[in-house]
file start-v8.cif (mmCIF, C-alpha atoms)
data_protein
#
loop_
_atom_site.label_atom_id
_atom_site.label_comp_id
_atom_site.auth_asym_id
_atom_site.auth_seq_id
_atom_site.Cartn_x
_atom_site.Cartn_y
_atom_site.Cartn_z
CA MET A 279 -31.29 -152.42 69.41
CA THR A 280 -32.51 -152.51 65.84
CA SER A 281 -34.02 -155.64 64.35
CA ALA A 282 -31.11 -155.81 61.89
CA LEU A 283 -28.60 -155.86 64.73
CA GLN A 284 -30.66 -158.46 66.59
CA SER A 285 -30.60 -160.59 63.46
CA ILE A 286 -26.81 -160.31 63.27
CA ARG A 287 -26.39 -161.25 66.92
CA GLN A 288 -28.59 -164.30 66.46
CA GLN A 289 -25.95 -165.69 64.10
CA PHE A 290 -23.35 -165.85 66.89
CA PRO A 291 -24.17 -168.65 69.36
CA ILE A 292 -21.43 -167.74 71.84
CA LEU A 293 -22.95 -164.34 72.60
CA HIS A 294 -26.04 -165.85 74.19
CA GLN A 295 -24.64 -166.92 77.54
CA GLU A 296 -23.92 -165.61 81.01
CA VAL A 297 -20.43 -165.11 82.44
CA ASN A 298 -20.18 -164.78 86.21
CA GLY A 299 -23.96 -164.46 86.37
CA LYS A 300 -24.10 -161.58 83.89
CA PRO A 301 -24.91 -161.49 80.15
CA LEU A 302 -21.67 -161.82 78.19
CA ILE A 303 -20.42 -158.57 76.67
CA TYR A 304 -17.53 -159.35 74.36
CA PHE A 305 -15.16 -156.44 73.66
CA ASP A 306 -11.97 -158.37 72.87
CA ASN A 307 -12.47 -158.49 69.11
CA ALA A 308 -8.98 -157.24 68.25
CA ALA A 309 -7.66 -160.44 69.86
CA THR A 310 -10.15 -162.72 68.10
CA THR A 311 -13.64 -162.24 66.72
CA GLN A 312 -16.48 -164.62 67.47
CA LYS A 313 -17.72 -166.99 64.78
CA PRO A 314 -21.11 -166.94 63.05
CA LYS A 315 -23.05 -170.19 62.96
CA GLN A 316 -22.33 -170.73 59.26
CA VAL A 317 -18.59 -170.97 60.06
CA ILE A 318 -19.21 -173.43 62.91
CA ASP A 319 -21.58 -175.47 60.73
CA ALA A 320 -19.05 -175.61 57.88
CA LEU A 321 -16.40 -177.03 60.19
CA GLN A 322 -18.78 -179.64 61.55
CA HIS A 323 -19.95 -180.48 58.02
CA TYR A 324 -16.39 -181.06 56.83
CA TYR A 325 -15.52 -183.51 59.61
CA SER A 326 -18.92 -185.21 59.41
CA LEU A 327 -19.09 -185.72 55.64
CA ASP A 328 -15.98 -184.69 53.70
CA ASN A 329 -12.89 -185.37 55.82
CA ALA A 330 -10.04 -186.47 53.50
CA ASN A 331 -6.60 -185.26 52.51
CA ILE A 332 -6.48 -182.88 49.57
CA HIS A 333 -4.73 -182.74 46.18
CA ARG A 334 -3.43 -186.30 46.42
CA ALA A 335 -6.19 -188.86 46.01
CA ALA A 336 -8.70 -189.85 43.34
CA HIS A 337 -11.64 -190.75 45.60
CA THR A 338 -14.75 -188.64 46.03
CA LEU A 339 -14.11 -187.34 49.55
CA ALA A 340 -10.65 -186.12 48.56
CA ALA A 341 -12.06 -184.47 45.44
CA ARG A 342 -14.75 -182.68 47.44
CA SER A 343 -12.29 -181.54 50.10
CA THR A 344 -9.86 -180.28 47.46
CA GLN A 345 -12.63 -178.40 45.69
CA TYR A 346 -13.83 -176.65 48.87
CA PHE A 347 -10.26 -175.89 49.99
CA GLU A 348 -9.39 -174.25 46.69
CA GLU A 349 -12.69 -172.37 46.65
CA THR A 350 -11.51 -170.59 49.79
CA ARG A 351 -8.29 -169.58 48.03
CA LYS A 352 -10.37 -168.14 45.18
CA SER A 353 -12.57 -166.26 47.65
CA ILE A 354 -9.49 -164.73 49.29
CA GLN A 355 -8.15 -163.65 45.91
CA GLN A 356 -11.41 -161.83 45.24
CA PHE A 357 -11.59 -160.46 48.81
CA ILE A 358 -8.20 -158.72 48.49
CA HIS A 359 -8.34 -158.18 44.69
CA ALA A 360 -5.18 -160.16 43.94
CA LYS A 361 -4.35 -160.84 40.30
CA GLU A 362 -4.58 -164.61 40.76
CA ASP A 363 -5.35 -167.12 43.47
CA ALA A 364 -1.85 -168.64 43.21
CA GLU A 365 -0.56 -165.49 44.94
CA CYS A 366 -2.49 -166.48 48.11
CA ILE A 367 -0.61 -168.93 50.33
CA PHE A 368 -2.23 -170.63 53.31
CA THR A 369 -0.34 -170.47 56.60
CA LYS A 370 -1.36 -171.00 60.22
CA GLY A 371 -1.60 -167.25 60.85
CA VAL A 372 -0.05 -163.84 60.40
CA THR A 373 2.91 -164.81 62.58
CA GLU A 374 3.84 -167.69 60.29
CA SER A 375 3.25 -165.55 57.21
CA ILE A 376 5.73 -162.92 58.40
CA ASN A 377 8.26 -165.57 59.43
CA LEU A 378 7.92 -167.16 56.00
CA VAL A 379 8.86 -163.90 54.28
CA ALA A 380 11.67 -163.11 56.71
CA GLN A 381 13.24 -166.57 56.44
CA THR A 382 12.89 -166.93 52.66
CA TRP A 383 12.91 -163.51 51.01
CA GLY A 384 15.04 -162.09 53.83
CA ARG A 385 17.62 -164.85 53.81
CA ASN A 386 17.95 -164.58 50.02
CA ASN A 387 18.07 -160.80 49.76
CA LEU A 388 19.53 -159.25 52.92
CA LYS A 389 23.25 -158.75 53.53
CA PRO A 390 25.50 -156.59 55.75
CA GLY A 391 24.81 -152.90 55.13
CA ASP A 392 21.15 -153.49 54.19
CA GLU A 393 18.35 -152.07 56.31
CA VAL A 394 14.87 -153.22 57.32
CA LEU A 395 12.39 -150.60 58.53
CA ILE A 396 9.57 -151.36 60.95
CA SER A 397 7.41 -148.97 62.98
CA ALA A 398 7.34 -148.25 66.69
CA MET A 399 3.80 -149.64 66.93
CA GLU A 400 4.48 -153.13 65.58
CA HIS A 401 3.15 -156.33 67.14
CA HIS A 402 5.93 -158.63 68.32
CA SER A 403 5.14 -160.85 65.32
CA ASN A 404 6.44 -158.10 63.03
CA ILE A 405 9.47 -157.32 65.18
CA VAL A 406 11.05 -160.58 66.27
CA PRO A 407 11.22 -162.31 62.84
CA TRP A 408 13.06 -159.29 61.43
CA GLN A 409 15.40 -159.14 64.41
CA MET A 410 16.22 -162.81 63.84
CA ILE A 411 16.90 -162.49 60.12
CA CYS A 412 18.88 -159.27 60.56
CA ALA A 413 21.07 -161.03 63.13
CA ALA A 414 21.57 -163.91 60.69
CA THR A 415 22.36 -161.77 57.64
CA GLY A 416 24.09 -158.73 59.13
CA ALA A 417 21.35 -156.33 58.04
CA ALA A 418 20.28 -153.50 60.37
CA LEU A 419 16.81 -152.99 61.82
CA LYS A 420 15.57 -149.38 61.96
CA VAL A 421 12.41 -148.06 63.65
CA ILE A 422 9.99 -145.42 62.34
CA PRO A 423 9.03 -143.24 65.35
CA ILE A 424 5.54 -142.15 66.36
CA ASN A 425 4.00 -139.12 68.07
CA ASP A 426 2.14 -139.16 71.38
CA ALA A 427 -1.20 -139.70 69.62
CA GLY A 428 0.11 -142.95 68.16
CA GLU A 429 0.66 -141.75 64.59
CA LEU A 430 3.69 -142.42 62.42
CA LEU A 431 6.06 -139.48 61.95
CA MET A 432 6.18 -139.60 58.18
CA ASP A 433 8.92 -136.96 57.92
CA GLU A 434 11.13 -139.22 60.04
CA PHE A 435 10.18 -142.19 57.88
CA GLU A 436 11.38 -140.33 54.79
CA LYS A 437 14.66 -139.51 56.53
CA LEU A 438 15.21 -143.20 57.30
CA LEU A 439 14.56 -144.28 53.72
CA ASN A 440 17.62 -144.69 51.54
CA HIS A 441 19.02 -147.06 48.94
CA ASN A 442 20.17 -149.42 51.70
CA THR A 443 16.50 -149.92 52.67
CA LYS A 444 15.49 -153.33 51.33
CA MET A 445 12.26 -154.01 53.25
CA VAL A 446 9.63 -151.89 54.99
CA ALA A 447 7.50 -154.16 57.21
CA CYS A 448 4.67 -152.12 58.64
CA VAL A 449 1.41 -152.74 60.42
CA TRP A 450 -1.57 -151.39 58.46
CA VAL A 451 -3.67 -150.95 61.62
CA SER A 452 -2.27 -150.99 65.16
CA ASN A 453 -3.74 -153.71 67.35
CA ALA A 454 -3.01 -151.71 70.52
CA LEU A 455 -4.05 -148.22 69.39
CA GLY A 456 -6.37 -148.70 66.42
CA THR A 457 -4.27 -146.29 64.33
CA ILE A 458 -4.73 -146.64 60.57
CA ASN A 459 -1.35 -146.01 58.96
CA PRO A 460 -1.00 -144.24 55.55
CA VAL A 461 0.17 -147.44 53.91
CA LYS A 462 -0.32 -146.37 50.30
CA GLU A 463 2.04 -143.45 50.85
CA ILE A 464 4.47 -145.74 52.69
CA ILE A 465 4.46 -148.19 49.78
CA GLN A 466 5.04 -145.48 47.18
CA LYS A 467 7.95 -143.94 49.08
CA ALA A 468 9.52 -147.34 49.82
CA HIS A 469 9.29 -148.42 46.20
CA ALA A 470 10.93 -145.16 45.15
CA VAL A 471 14.18 -146.33 46.82
CA GLY A 472 13.79 -149.91 45.58
CA ALA A 473 12.51 -151.43 48.83
CA LYS A 474 9.85 -154.12 49.16
CA VAL A 475 6.86 -153.62 51.48
CA LEU A 476 5.12 -156.13 53.74
CA LEU A 477 1.85 -155.05 55.32
CA ASP A 478 0.67 -156.72 58.52
CA GLY A 479 -3.04 -156.82 57.76
CA ALA A 480 -4.18 -158.72 60.86
CA GLN A 481 -6.40 -155.89 62.12
CA ALA A 482 -7.06 -154.12 58.83
CA CYS A 483 -8.71 -156.85 56.79
CA SER A 484 -11.83 -157.10 58.94
CA HIS A 485 -12.41 -153.33 58.97
CA LEU A 486 -11.03 -151.81 55.77
CA GLU A 487 -11.48 -152.42 52.06
CA VAL A 488 -8.46 -154.28 50.67
CA ASP A 489 -7.12 -154.00 47.12
CA VAL A 490 -3.55 -155.25 46.91
CA GLN A 491 -3.21 -154.22 43.26
CA ASP A 492 -4.24 -150.65 44.03
CA LEU A 493 -1.99 -150.56 47.10
CA ASP A 494 0.85 -152.18 45.13
CA CYS A 495 2.14 -153.88 48.28
CA ASP A 496 4.60 -156.72 47.78
CA PHE A 497 3.25 -158.81 50.66
CA LEU A 498 0.10 -158.73 52.79
CA THR A 499 -0.69 -160.97 55.75
CA ILE A 500 -4.24 -161.97 56.74
CA SER A 501 -5.62 -163.61 59.88
CA SER A 502 -8.74 -165.78 59.68
CA HIS A 503 -9.60 -165.64 63.38
CA LYS A 504 -9.72 -161.83 63.42
CA LEU A 505 -12.05 -161.98 60.41
CA TYR A 506 -14.87 -164.05 61.95
CA GLY A 507 -13.16 -167.27 60.85
CA PRO A 508 -11.42 -170.16 62.66
CA THR A 509 -8.10 -170.01 64.46
CA GLY A 510 -5.04 -171.67 62.98
CA VAL A 511 -5.49 -170.21 59.49
CA GLY A 512 -3.69 -167.30 57.88
CA VAL A 513 -2.86 -166.12 54.40
CA LEU A 514 0.26 -164.65 52.89
CA TYR A 515 -0.34 -162.68 49.71
CA GLY A 516 2.72 -162.00 47.59
CA LYS A 517 3.32 -160.81 44.06
CA ARG A 518 3.93 -163.78 41.77
CA GLU A 519 7.38 -162.73 40.58
CA ILE A 520 8.61 -162.28 44.14
CA LEU A 521 7.15 -165.56 45.40
CA GLU A 522 8.61 -167.48 42.49
CA ALA A 523 12.09 -166.14 43.30
CA MET A 524 11.84 -167.14 46.97
CA PRO A 525 13.08 -170.55 48.16
CA PRO A 526 10.68 -172.91 49.99
CA TYR A 527 10.08 -172.28 53.68
CA GLN A 528 9.65 -175.92 54.71
CA GLY A 529 10.29 -179.26 53.02
CA GLY A 530 7.91 -182.21 52.79
CA GLY A 531 4.84 -183.35 50.94
CA GLU A 532 2.89 -181.11 48.56
CA MET A 533 5.69 -178.59 48.07
CA ILE A 534 7.60 -180.95 45.77
CA GLU A 535 7.44 -181.69 42.06
CA GLU A 536 9.83 -184.64 42.04
CA VAL A 537 12.01 -186.21 44.75
CA THR A 538 15.05 -188.40 44.35
CA PHE A 539 17.82 -189.05 46.84
CA GLU A 540 20.09 -186.96 44.67
CA LYS A 541 17.85 -183.95 44.04
CA THR A 542 14.40 -182.50 44.64
CA THR A 543 12.55 -180.09 42.37
CA TYR A 544 9.89 -177.86 43.88
CA ASN A 545 6.25 -177.36 43.08
CA GLN A 546 4.77 -174.18 41.65
CA ILE A 547 3.27 -171.44 43.82
CA PRO A 548 1.28 -171.50 46.00
CA PHE A 549 2.02 -175.17 46.75
CA LYS A 550 5.78 -174.55 47.05
CA PHE A 551 5.06 -172.86 50.39
CA GLU A 552 2.39 -175.27 51.68
CA ALA A 553 4.37 -178.27 52.90
CA GLY A 554 2.46 -181.09 54.57
CA THR A 555 -1.21 -181.60 55.28
CA PRO A 556 -2.80 -178.19 55.83
CA ASN A 557 -5.53 -177.18 58.26
CA ILE A 558 -8.16 -178.29 55.74
CA GLY A 559 -11.37 -178.02 57.75
CA ASP A 560 -10.60 -174.56 59.13
CA VAL A 561 -9.56 -173.26 55.70
CA ILE A 562 -12.88 -174.47 54.28
CA ALA A 563 -14.78 -172.86 57.18
CA PHE A 564 -12.85 -169.62 56.61
CA ASN A 565 -14.66 -169.31 53.28
CA GLU A 566 -17.93 -168.97 55.19
CA ALA A 567 -16.45 -166.14 57.24
CA ILE A 568 -15.51 -164.31 54.05
CA LYS A 569 -19.04 -164.84 52.74
CA PHE A 570 -20.42 -163.45 56.01
CA VAL A 571 -18.33 -160.28 55.71
CA ASN A 572 -19.24 -159.88 52.05
CA VAL A 573 -22.96 -160.14 52.84
CA MET A 574 -22.65 -157.67 55.74
CA GLY A 575 -20.65 -155.27 53.57
CA LYS A 576 -17.44 -153.68 54.79
CA ALA A 577 -18.90 -150.17 54.50
CA ASN A 578 -21.92 -151.09 56.64
CA MET A 579 -19.73 -152.79 59.23
CA ALA A 580 -17.35 -149.83 59.37
CA ALA A 581 -20.20 -147.35 59.82
CA HIS A 582 -21.62 -149.34 62.73
CA GLU A 583 -18.23 -149.77 64.37
CA GLU A 584 -17.46 -146.05 63.97
CA GLN A 585 -20.70 -145.23 65.77
CA LEU A 586 -19.73 -147.56 68.62
CA LEU A 587 -16.25 -146.07 68.89
CA LYS A 588 -17.50 -142.47 68.98
CA HIS A 589 -20.05 -143.34 71.66
CA PHE A 590 -17.42 -145.10 73.75
CA ILE A 591 -14.83 -142.32 73.49
CA SER A 592 -17.45 -139.71 74.37
CA GLY A 593 -18.41 -141.67 77.48
CA LEU A 594 -14.81 -142.41 78.47
CA THR A 595 -13.75 -138.77 78.39
CA ALA A 596 -16.52 -137.95 80.87
CA ILE A 597 -15.11 -140.35 83.50
CA ASP A 598 -12.68 -138.92 86.05
CA GLY A 599 -9.25 -140.52 86.05
CA VAL A 600 -9.44 -142.07 82.57
CA LYS A 601 -6.62 -141.43 80.10
CA LEU A 602 -7.10 -142.38 76.48
CA VAL A 603 -4.17 -144.18 74.85
CA GLY A 604 -4.13 -143.88 71.08
CA THR A 605 -5.86 -140.76 69.78
CA ALA A 606 -4.93 -140.90 66.11
CA GLN A 607 -7.13 -138.99 63.71
CA HIS A 608 -7.67 -142.11 61.59
CA LYS A 609 -8.42 -145.29 63.50
CA ILE A 610 -10.63 -148.38 63.62
CA SER A 611 -12.95 -149.39 66.48
CA VAL A 612 -10.20 -150.07 69.03
CA GLN A 613 -9.64 -147.89 72.09
CA SER A 614 -7.02 -148.38 74.76
CA PHE A 615 -7.09 -146.51 78.05
CA VAL A 616 -5.80 -146.51 81.61
CA LEU A 617 -7.72 -145.80 84.79
CA GLN A 618 -5.67 -143.87 87.31
CA GLN A 619 -5.02 -145.57 90.65
CA ILE A 620 -6.15 -148.99 89.33
CA HIS A 621 -3.80 -151.40 87.57
CA HIS A 622 -4.99 -152.40 84.10
CA PHE A 623 -5.06 -156.09 85.07
CA ASP A 624 -7.30 -155.34 88.06
CA VAL A 625 -9.64 -153.34 85.82
CA GLY A 626 -9.90 -156.32 83.50
CA MET A 627 -10.67 -158.72 86.34
CA LEU A 628 -13.28 -156.41 87.83
CA LEU A 629 -14.97 -156.01 84.45
CA ASP A 630 -14.89 -159.78 83.91
CA ALA A 631 -16.79 -160.17 87.20
CA ASN A 632 -19.54 -158.20 85.44
CA GLY A 633 -19.45 -160.40 82.33
CA ILE A 634 -17.46 -157.87 80.28
CA ALA A 635 -14.52 -159.23 78.28
CA VAL A 636 -11.75 -156.73 77.47
CA ARG A 637 -8.03 -157.16 76.90
CA THR A 638 -5.41 -155.95 79.37
CA GLY A 639 -1.62 -155.86 79.25
CA HIS A 640 0.93 -154.81 76.63
CA HIS A 641 -0.97 -156.41 73.70
CA CYS A 642 2.25 -157.96 72.34
CA THR A 643 3.57 -154.42 71.76
CA GLN A 644 6.08 -153.97 74.57
CA PRO A 645 8.29 -151.48 72.67
CA LEU A 646 5.20 -149.36 71.97
CA MET A 647 4.21 -149.40 75.63
CA LYS A 648 7.74 -148.32 76.58
CA ARG A 649 7.55 -145.44 74.09
CA LEU A 650 4.27 -144.32 75.68
CA GLY A 651 5.62 -144.70 79.24
CA LEU A 652 3.17 -147.43 80.18
CA ASP A 653 3.38 -151.05 81.30
CA GLY A 654 0.03 -151.85 79.74
CA THR A 655 -3.50 -150.65 79.04
CA VAL A 656 -7.11 -151.77 79.04
CA ARG A 657 -8.29 -152.27 75.46
CA ALA A 658 -11.88 -152.40 74.25
CA SER A 659 -12.39 -153.40 70.62
CA PHE A 660 -15.71 -153.57 68.82
CA ALA A 661 -17.22 -155.72 66.09
CA VAL A 662 -20.34 -155.84 63.96
CA TYR A 663 -22.38 -157.64 66.64
CA ASN A 664 -21.68 -155.17 69.48
CA THR A 665 -24.28 -152.66 70.63
CA ILE A 666 -24.54 -149.18 72.15
CA ASP A 667 -26.33 -150.74 75.13
CA GLU A 668 -23.32 -152.98 75.77
CA ILE A 669 -21.00 -150.00 75.68
CA ASP A 670 -23.21 -148.20 78.19
CA VAL A 671 -22.88 -151.16 80.57
CA LEU A 672 -19.08 -150.95 80.23
CA LEU A 673 -19.09 -147.19 80.80
CA GLU A 674 -21.26 -147.57 83.88
CA ALA A 675 -18.88 -150.20 85.28
CA LEU A 676 -15.87 -147.94 84.63
CA GLN A 677 -17.65 -145.02 86.25
CA LYS A 678 -18.14 -147.11 89.40
CA LEU A 679 -14.50 -148.18 89.37
CA SER A 680 -13.31 -144.60 89.04
CA ARG A 681 -15.21 -143.69 92.20
#
call {"tool": "encode", "arguments": {"input": "start-v8.cif", "output": "structure tokens"}}
result
Amino acid sequence: MTSALQSIRQQFPILHQEVNGKPLIYFDNAATTQKPKQVIDALQHYYSLDNANIHRAAHTLAARSTQYFEETRKSIQQFIHAKEDAECIFTKGVTESINLVAQTWGRNNLKPGDEVLISAMEHHSNIVPWQMICAATGAALKVIPINDAGELLMDEFEKLLNHNTKMVACVWVSNALGTINPVKEIIQKAHAVGAKVLLDGAQACSHLEVDVQDLDCDFLTISSHKLYGPTGVGVLYGKREILEAMPPYQGGGEMIEEVTFEKTTYNQIPFKFEAGTPNIGDVIAFNEAIKFVNVMGKANMAAHEEQLLKHFISGLTAIDGVKLVGTAQHKISVQSFVLQQIHHFDVGMLLDANGIAVRTGHHCTQPLMKRLGLDGTVRASFAVYNTIDEIDVLLEALQKLSR
């Protein structure tokens, strides 16, 4: 292990423990990444020194909290290259962000005869909200198929596109397979028929460079806890003109301009979509996660993770009885697999006994698993603090299981 990697690992307190008598090896980063000490310290600092409600009071604590909260919004704007910070709305996660779009934009714009396109590799969070709004509006939900490697069939996508297509809601990077989808091409083709595009960026934003203006996406969703930040925080990016035309998602404090018993007028974006007291401390701590990623550098992180993935795949293919699931040409550091004769849940439990944390099951992608003829997989997913030595321990454990 290089000194640079040792230095990175020292920033993550949770990694320095034993699980079941073995050093913890954490390979469940696609579910949630661990948090560097600066994120943990920021959360503790907020509750120790700054705790107050934001935007609404004149006292010093409220002013400080408001300042730090809005600094995070500005950091997100810069992180994704949005035109303005008002286009970045805080939610509790990607799931809420997608539901917000479905229940506001969808309810205002979809009608019988309209179509919403999603892909066969979507997380349930980008399936169920669209099913719900299509059922409510009479629109139809269509699915872009994939090949056996876990790649979108773009020819079939083009066949599905027509002037009835109003929304294409697509995952940028598959959480189950690691596939990186050609989202810029998807956006261009969808816009050509007048459709809007929502990108589920839950997995992409911690691995890939993000420029929403270059992509020209209409919506992008971001998850803090998959980006080295706290849980309970997400972001919805949307183009200003689209957000301004959408009705509020929830009613209450903050999202109002003036309330009378006869009529309420709504606040400007982003506040129109941020009803009630937000998750202030975690939003403030999220800024430290963004700073961490910026200091590390996305290119440096991607290079390290690519090295880990190649090493893991090379070792996996040498083990008898292992089948790789998700072999797309372009992918991030996520690899699913199955071990013949051993149920994926049992593999996970046996690895956990050796201190190795992986994910097992359908990964909230049941339709994808059905398409692949599986009931679940074992998934290993890597982050900036993982090492080749850790992967070798996993490979050795899998080799023993295969025997």
call {"tool": "closest_residue", "arguments": {"input": "start-v8.cif", "among": "A:Gly472, A:Gly529, A:Pro460, A:Gly479", "to": "Leu514 (chain A)", "atoms": "only C-alpha atoms"}}
result
A:Gly479
call {"tool": "closest_residue", "arguments": {"input": "start-v8.cif", "among": "A:Ile303, A:Ile562, A:Val372, A:Ile534", "to": "Leu476 (chain A)", "atoms": "all atoms listed in the file"}}
result
A:Val372
call {"tool": "resolve_selection", "arguments": {"input": "start-v8.cif", "expression": "the PyMOL selection byres ((chain A and resi 590-592) around 9)", "output": "PyMOL selection string"}}
result
chain A and resi 585-589+593-596+602+613+666+669-670+672-673
call {"tool": "atom_distance", "arguments": {"input": "start-v8.cif", "atom1": "CA of Ala364 (chain A)", "atom2": "CA of Phe564 (chain A)"}}
result
17.4 Å
call {"tool": "atom_distance", "arguments": {"input": "start-v8.cif", "atom1": "CA of Glu487 (chain A)", "atom2": "CA of Lys576 (chain A)"}}
result
6.7 Å
call {"tool": "resolve_selection", "arguments": {"input": "start-v8.cif", "expression": "the PyMOL selection byres ((chain A and resi 631-634) around 6)", "output": "CSV table (one decimal) with C-alpha atoms, in the coordinates of the input"}}
result
chain,number,residue,atom,x,y,z
A,297,VAL,CA,-20.4,-165.1,82.4
A,298,ASN,CA,-20.2,-164.8,86.2
A,300,LYS,CA,-24.1,-161.6,83.9
A,301,PRO,CA,-24.9,-161.5,80.2
A,302,LEU,CA,-21.7,-161.8,78.2
A,303,ILE,CA,-20.4,-158.6,76.7
A,628,LEU,CA,-13.3,-156.4,87.8
A,629,LEU,CA,-15.0,-156.0,84.4
A,630,ASP,CA,-14.9,-159.8,83.9
A,635,ALA,CA,-14.5,-159.2,78.3
call {"tool": "resolve_selection", "arguments": {"input": "start-v8.cif", "expression": "the PyMOL selection byres ((chain A and resi 679) around 12)", "output": "list of chain:residue names"}}
result
A:Ile597, A:Asp598, A:Gly599, A:Val600, A:Val616, A:Leu617, A:Gln618, A:Gln619, A:Ile620, A:His621, A:His622, A:Asp624, A:Val625, A:Gly626, A:Met627, A:Leu628, A:Leu629, A:Asn632, A:Leu672, A:Leu673, A:Glu674, A:Ala675, A:Leu676, A:Gln677, A:Lys678, A:Ser680, A:Arg681
call {"tool": "write_last_selection", "arguments": {"input": "start-v8.cif", "atoms": "C-alpha atoms", "output": "short mmCIF file (atom, residue, chain, number, x, y, z; two decimals), keeping the file's coordinate frame"}}
result
data_model
loop_
_atom_site.label_atom_id
_atom_site.label_comp_id
_atom_site.auth_asym_id
_atom_site.auth_seq_id
_atom_site.Cartn_x
_atom_site.Cartn_y
_atom_site.Cartn_z
CA ILE A 597 -15.11 -140.35 83.50
CA ASP A 598 -12.68 -138.92 86.05
CA GLY A 599 -9.25 -140.52 86.05
CA VAL A 600 -9.44 -142.07 82.57
CA VAL A 616 -5.80 -146.51 81.61
CA LEU A 617 -7.72 -145.80 84.79
CA GLN A 618 -5.67 -143.87 87.31
CA GLN A 619 -5.02 -145.57 90.65
CA ILE A 620 -6.15 -148.99 89.33
CA HIS A 621 -3.80 -151.40 87.57
CA HIS A 622 -4.99 -152.40 84.10
CA ASP A 624 -7.30 -155.34 88.06
CA VAL A 625 -9.64 -153.34 85.82
CA GLY A 626 -9.90 -156.32 83.50
CA MET A 627 -10.67 -158.72 86.34
CA LEU A 628 -13.28 -156.41 87.83
CA LEU A 629 -14.97 -156.01 84.45
CA ASN A 632 -19.54 -158.20 85.44
CA LEU A 672 -19.08 -150.95 80.23
CA LEU A 673 -19.09 -147.19 80.80
CA GLU A 674 -21.26 -147.57 83.88
CA ALA A 675 -18.88 -150.20 85.28
CA LEU A 676 -15.87 -147.94 84.63
CA GLN A 677 -17.65 -145.02 86.25
CA LYS A 678 -18.14 -147.11 89.40
CA SER A 680 -13.31 -144.60 89.04
CA ARG A 681 -15.21 -143.69 92.20
#
call {"tool": "closest_residue", "arguments": {"input": "start-v8.cif", "among": "A:Thr499, A:Ser659, A:Asn565, A:Ser452", "to": "Pro314 (chain A)", "atoms": "only C-alpha atoms"}}
result
A:Asn565
call {"tool": "atom_distance", "arguments": {"input": "start-v8.cif", "atom1": "CA of Gln295 (chain A)", "atom2": "CA of Val662 (chain A)"}}
result
18.0 Å
call {"tool": "closest_atom_pairs", "arguments": {"input": "start-v8.cif", "of": "region 432-516 of chain A", "to": "region 390-397 of chain A", "cutoff": "6 Å", "atoms": "all atoms listed in the file", "output": "Markdown table"}}
result
| residue | atom | partner | partner_atom | distance |
| --- | --- | --- | --- | --- |
| A:Asn442 | CA | A:Asp392 | CA | 4.9 |
| A:Thr443 | CA | A:Glu393 | CA | 4.6 |
| A:Lys444 | CA | A:Glu393 | CA | 5.9 |
| A:Met445 | CA | A:Val394 | CA | 4.9 |
| A:Val446 | CA | A:Leu395 | CA | 4.7 |
| A:Ala447 | CA | A:Ile396 | CA | 5.1 |
| A:Cys448 | CA | A:Ile396 | CA | 5.5 |
call {"tool": "closest_residue", "arguments": {"input": "start-v8.cif", "among": "A:Thr311, A:Thr555, A:Thr538, A:Gln481", "to": "Phe347 (chain A)", "atoms": "all atoms listed in the file"}}
result
A:Thr555
call {"tool": "residues_around", "arguments": {"input": "start-v8.cif", "residues": "Tyr346 (chain A)", "least_positions_apart": "3", "cutoff": "9 Å", "atoms": "only C-alpha atoms", "output": "PyMOL selection string"}}
result
chain A and resi 341-343+349-350+561-562+565
call {"tool": "write_last_selection", "arguments": {"input": "start-v8.cif", "atoms": "C-alpha atoms", "output": "tab-separated table (two decimals), in the coordinates of the input"}}
result
chain	number	residue	atom	x	y	z
A	341	ALA	CA	-12.06	-184.47	45.44
A	342	ARG	CA	-14.75	-182.68	47.44
A	343	SER	CA	-12.29	-181.54	50.10
A	349	GLU	CA	-12.69	-172.37	46.65
A	350	THR	CA	-11.51	-170.59	49.79
A	561	VAL	CA	-9.56	-173.26	55.70
A	562	ILE	CA	-12.88	-174.47	54.28
A	565	ASN	CA	-14.66	-169.31	53.28
call {"tool": "closest_residue", "arguments": {"input": "start-v8.cif", "among": "A:Ser375, A:Gln345, A:Thr457, A:Asn329", "to": "Ile610 (chain A)", "atoms": "only C-alpha atoms"}}
result
A:Thr457
call {"tool": "closest_residue", "arguments": {"input": "start-v8.cif", "among": "A:Thr369, A:Asn387, A:Thr542, A:Ser326", "to": "Ser502 (chain A)", "atoms": "only C-alpha atoms"}}
result
A:Thr369
call {"tool": "residues_near_point", "arguments": {"input": "start-v8.cif", "point": "(3.9, -172.9, 39.3)", "cutoff": "10 Å", "atoms": "only C-alpha atoms", "output": "MDAnalysis selection string"}}
result
chainID A and resid 364 518 522 535 544:550
call {"tool": "residues_around", "arguments": {"input": "start-v8.cif", "residues": "Asp426 (chain A)", "least_positions_apart": "5", "cutoff": "12 Å", "atoms": "all atoms listed in the file", "output": "list in words"}}
result
Ala398, Met399, Leu431, Leu455, Thr457, Leu602, Val603, Gly604, Thr605, Ala606, Leu646, Met647, Lys648, Arg649, Leu650 and Gly651 of chain A
call {"tool": "residues_around", "arguments": {"input": "start-v8.cif", "residues": "Tyr663 (chain A)", "least_positions_apart": "3", "cutoff": "10 Å", "atoms": "all atoms listed in the file", "output": "compact mmCIF listing (two decimals) with C-alpha atoms, in the coordinates of the input"}}
result
# COMPACT_ATOMS: atom_id res chain seq x y z
CA LEU A 283 -28.60 -155.86 64.73
CA GLN A 284 -30.66 -158.46 66.59
CA SER A 285 -30.60 -160.59 63.46
CA ILE A 286 -26.81 -160.31 63.27
CA ARG A 287 -26.39 -161.25 66.92
CA GLN A 288 -28.59 -164.30 66.46
CA GLN A 289 -25.95 -165.69 64.10
CA PHE A 290 -23.35 -165.85 66.89
CA LEU A 293 -22.95 -164.34 72.60
CA TYR A 304 -17.53 -159.35 74.36
CA THR A 311 -13.64 -162.24 66.72
CA GLN A 312 -16.48 -164.62 67.47
CA MET A 579 -19.73 -152.79 59.23
CA HIS A 582 -21.62 -149.34 62.73
CA GLU A 583 -18.23 -149.77 64.37
CA PHE A 660 -15.71 -153.57 68.82
